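Novice: Can you keep this structure in mind? I'll have questions shortly.
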There are 2 protein chains.
Amino acid sequence: MAVAASAVPSEPRDPQRIYSIAELAREFAITARTIRFYEDEGLIKPRRQGLTRLYSAGDRTRLGWILRGKRLGFSLAEIKELLDLYHVDRTGVQQLRELLRRSRLHIQDLEQKRRDLDAHIEEFRDVEIQVAGELKKRGAETGND
Amino acid sequence: MAVAASAVPSEPRDPQRIYSIAELAREFAITARTIRFYEDEGLIKPRRQGLTRLYSAGDRTRLGWILRGKRLGFSLAEIKELLDLYHVDRTGVQQLRELLRRSRLHIQDLEQKRRDLDAHIEEFRDVEIQVAGELKKRGAETGND
DNA sequence: ACCCACATTGACGTTTACGTAAACGTCAAC
DNA sequence: GTTGACGTTTACGTAAACGTCAATGTGGGT
């Protein structure tokens, strides 16, 4: 969660491509163990060739989605909910209405997060400006090139 | 983390006021245990009258800050770092430069989060629009009044 | 046939963020 | 003078999200 770069080089390129677990682990800067754990939790379901897992482009996208959700502070259970939301039976009107309702709730949640985030960013910008000003007064370099 | 309303009725009102632990717990919709836990972790340091804790308006603000950080997915350790950032010795130029550097890193982090969040929101809006459209086609109510 | 890199499945350990008693003090109200 | 609301500390428990072995399998080069 610290200050790591957003290791998400989303290049959808070839939709036919398949990925090994190690490949995805490298790409997203997580361990293979983590990916298997997500599978145990029902977040991804790669095909199998015997025992080895084969990940499709869709699986890869899905994984990216999961990690983005994590960066936003959602629990795996919540992320699973959100992912399942897309794949429920959409035939019934009741299902659709429920989907709409849940979707709206999540949007509200996200918008609350955005307000929190904007407030946070503003405060830190203030800190930066003030500290930079203080440093300038003292004739020191600010760190800009 | 679910979909709870942002129980943060920040009314700075009287800066002299003191708050009991139960009062703050109610106001922020957390338990007293949680507040004491934050104290154990060094996130707040209320005065004491004998054994009982007395919280100032500043402590209250600080608590609000902590909870906002949590909603954004920061760990308590990270939040402590951020809070400490404000209260380090600002006399030395080295300290100021370090503060500026860290502050900038955190701003970058927050901006990454904002990009994640915007992407998430957009996707969910799409879901909402499509599902609402689908419902309309079928002649059902969308849930709007 | 042998090695090696990479894969798999448990099983257990760890950190974080609290919850949950247990056992007690304090003060106003009845 | 005890009941009840609120406060305290100490201590153990727990769910989530993985990490870390350990034992084993598997496909490809040489």
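Chains: A, B, ... in order of the structure tokens. Residues: from 1 per chain. Ligands: from 1, in order shown.
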Counting only C-alpha atoms (C1' of nucleotides), a student should be able to say which residues of chain D come within 12 Å of chain B; what is the right answer, written as a PyMOL selection string?

Specialist: chain D and resi 5-9

Novice: Please produce, as CSV, a per-residue contact table for chain B versus chain A (criterion: any atom at most 7 Å away, only C-alpha atoms considered), showing the nearest atom pair and its distance in Å to one decimal, sorted by chain then residue number.

Specialist:
```
residue,atom,partner,partner_atom,distance
B:Val3,CA,A:Asp109,CA,5.4
B:Arg68,CA,A:Asp116,CA,6.2
B:Arg71,CA,A:Lys113,CA,6.9
B:Leu72,CA,A:Gly73,CA,6.0
B:Gly73,CA,A:Gly73,CA,3.9
B:Val93,CA,A:Leu135,CA,7.0
B:Leu96,CA,A:Val131,CA,6.6
B:Arg97,CA,A:Thr142,CA,6.9
B:Leu100,CA,A:Glu128,CA,5.8
B:Ser103,CA,A:Glu128,CA,6.3
B:Arg104,CA,A:Glu128,CA,6.9
B:Leu105,CA,A:Val3,CA,6.7
B:His106,CA,A:Val3,CA,6.9
B:Ile107,CA,A:Ile121,CA,6.3
B:Asp109,CA,A:Val3,CA,5.5
B:Leu110,CA,A:Ile121,CA,6.5
B:Lys113,CA,A:Leu72,CA,6.5
B:Asp116,CA,A:Arg68,CA,6.2
B:Leu117,CA,A:Leu72,CA,6.9
B:Ile121,CA,A:Ile107,CA,6.3
B:Phe124,CA,A:Ser103,CA,6.4
B:Glu128,CA,A:Leu100,CA,5.8
B:Val131,CA,A:Leu100,CA,6.2
B:Ala132,CA,A:Leu100,CA,6.9
B:Leu135,CA,A:Leu96,CA,6.9
B:Thr142,CA,A:Arg97,CA,7.0
```

Novice: For a quick test of understanding: name the residues of chain B lying within 9 Å of chain C when counting only C-alpha atoms (C1' of nucleotides), and present them as a list in words.

Specialist: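 Within 9 Å of chain C on chain B, we get Arg33, Thr34, Phe37, Ser75 and Leu76 of chain B.
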
Novice: DSSP on the backbone: what in region 6-96 of chain A comes out alpha helix (DSSP H), as a ChimeraX atom specification?

Specialist: /A:21-28,32-40,57-71,76-87,93-96

Novice: Enumerate, as number ranges by chain, the complete set of residues in region 28-72 of chain A that a backbone-based DSSP assignment places in strand (DSSP E or B).

Specialist: A: 47-49, 52-55

Novice: Filtering to N, CA and C atoms, could you give me those residues as a PDB file, in the first residue's frame?

Specialist:
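Result written to again.pdb:
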```pdb
ATOM      1  N   ARG A  47      -8.414 -21.735 -16.460  1.00  0.00           N
ATOM      2  CA  ARG A  47      -8.506 -23.098 -16.962  1.00  0.00           C
ATOM      3  C   ARG A  47      -7.334 -23.894 -16.423  1.00  0.00           C
ATOM      4  N   ARG A  48      -7.436 -25.203 -16.598  1.00  0.00           N
ATOM      5  CA  ARG A  48      -6.352 -26.069 -16.173  1.00  0.00           C
ATOM      6  C   ARG A  48      -5.898 -26.920 -17.338  1.00  0.00           C
ATOM      7  N   GLN A  49      -4.601 -27.134 -17.383  1.00  0.00           N
ATOM      8  CA  GLN A  49      -4.081 -28.122 -18.299  1.00  0.00           C
ATOM      9  C   GLN A  49      -3.427 -29.152 -17.405  1.00  0.00           C
ATOM     10  N   THR A  52      -1.565 -27.563 -14.082  1.00  0.00           N
ATOM     11  CA  THR A  52      -1.098 -26.181 -14.273  1.00  0.00           C
ATOM     12  C   THR A  52      -2.221 -25.243 -14.690  1.00  0.00           C
ATOM     13  N   ARG A  53      -2.190 -24.081 -14.128  1.00  0.00           N
ATOM     14  CA  ARG A  53      -3.212 -23.074 -14.407  1.00  0.00           C
ATOM     15  C   ARG A  53      -2.853 -22.275 -15.653  1.00  0.00           C
ATOM     16  N   LEU A  54      -3.837 -22.042 -16.477  1.00  0.00           N
ATOM     17  CA  LEU A  54      -3.643 -21.211 -17.663  1.00  0.00           C
ATOM     18  C   LEU A  54      -4.584 -20.022 -17.591  1.00  0.00           C
ATOM     19  N   TYR A  55      -4.015 -18.832 -17.662  1.00  0.00           N
ATOM     20  CA  TYR A  55      -4.812 -17.615 -17.509  1.00  0.00           C
ATOM     21  C   TYR A  55      -5.065 -16.960 -18.863  1.00  0.00           C
TER      22      TYR A  55
END
```

Novice: Need the shell around Arg36 (chain B): protein/DNA/RNA residues with any atom at most 10 Å away, counting only C-alpha atoms (C1' of nucleotides). Skip same-chain ones fewer than 5 positions apart. Format as a PyMOL selection string?

Specialist: chain B and resi 21+31+41-46+53

Novice: For those residues, write C-alpha atoms to a file as a JSON list (two decimals), in the first residue's frame.

Specialist:
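The resulting file, part_19.json, is reproduced below:
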```
[["chain", "number", "residue", "atom", "x", "y", "z"],
["B", 21, "ILE", "CA", -14.50, 8.50, 24.99],
["B", 31, "THR", "CA", -16.35, 1.58, 19.73],
["B", 41, "GLU", "CA", -0.75, 2.43, 18.66],
["B", 42, "GLY", "CA", 0.33, 5.99, 19.33],
["B", 43, "LEU", "CA", -2.21, 7.69, 17.08],
["B", 44, "ILE", "CA", -3.85, 9.84, 19.78],
["B", 45, "LYS", "CA", -2.74, 10.98, 23.19],
["B", 46, "PRO", "CA", -5.64, 12.42, 25.20],
["B", 53, "ARG", "CA", -9.33, 10.12, 29.21]]
```

Novice: Could you please determine the separation between C1' of DG25 (chain D) and CA of Tyr19 (chain A) in Å, to one decimal place?

Specialist: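 Answer for the C1' of DG25 (chain D) to CA of Tyr19 (chain A) separation: 20.5 Å.
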
Novice: Could you please determine the separation between C1' of DA17 (chain D) and CA of Leu63 (chain B) in Å, to one decimal place?

Specialist: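 Separating C1' of DA17 (chain D) from CA of Leu63 (chain B) is a distance of 25.9 Å.
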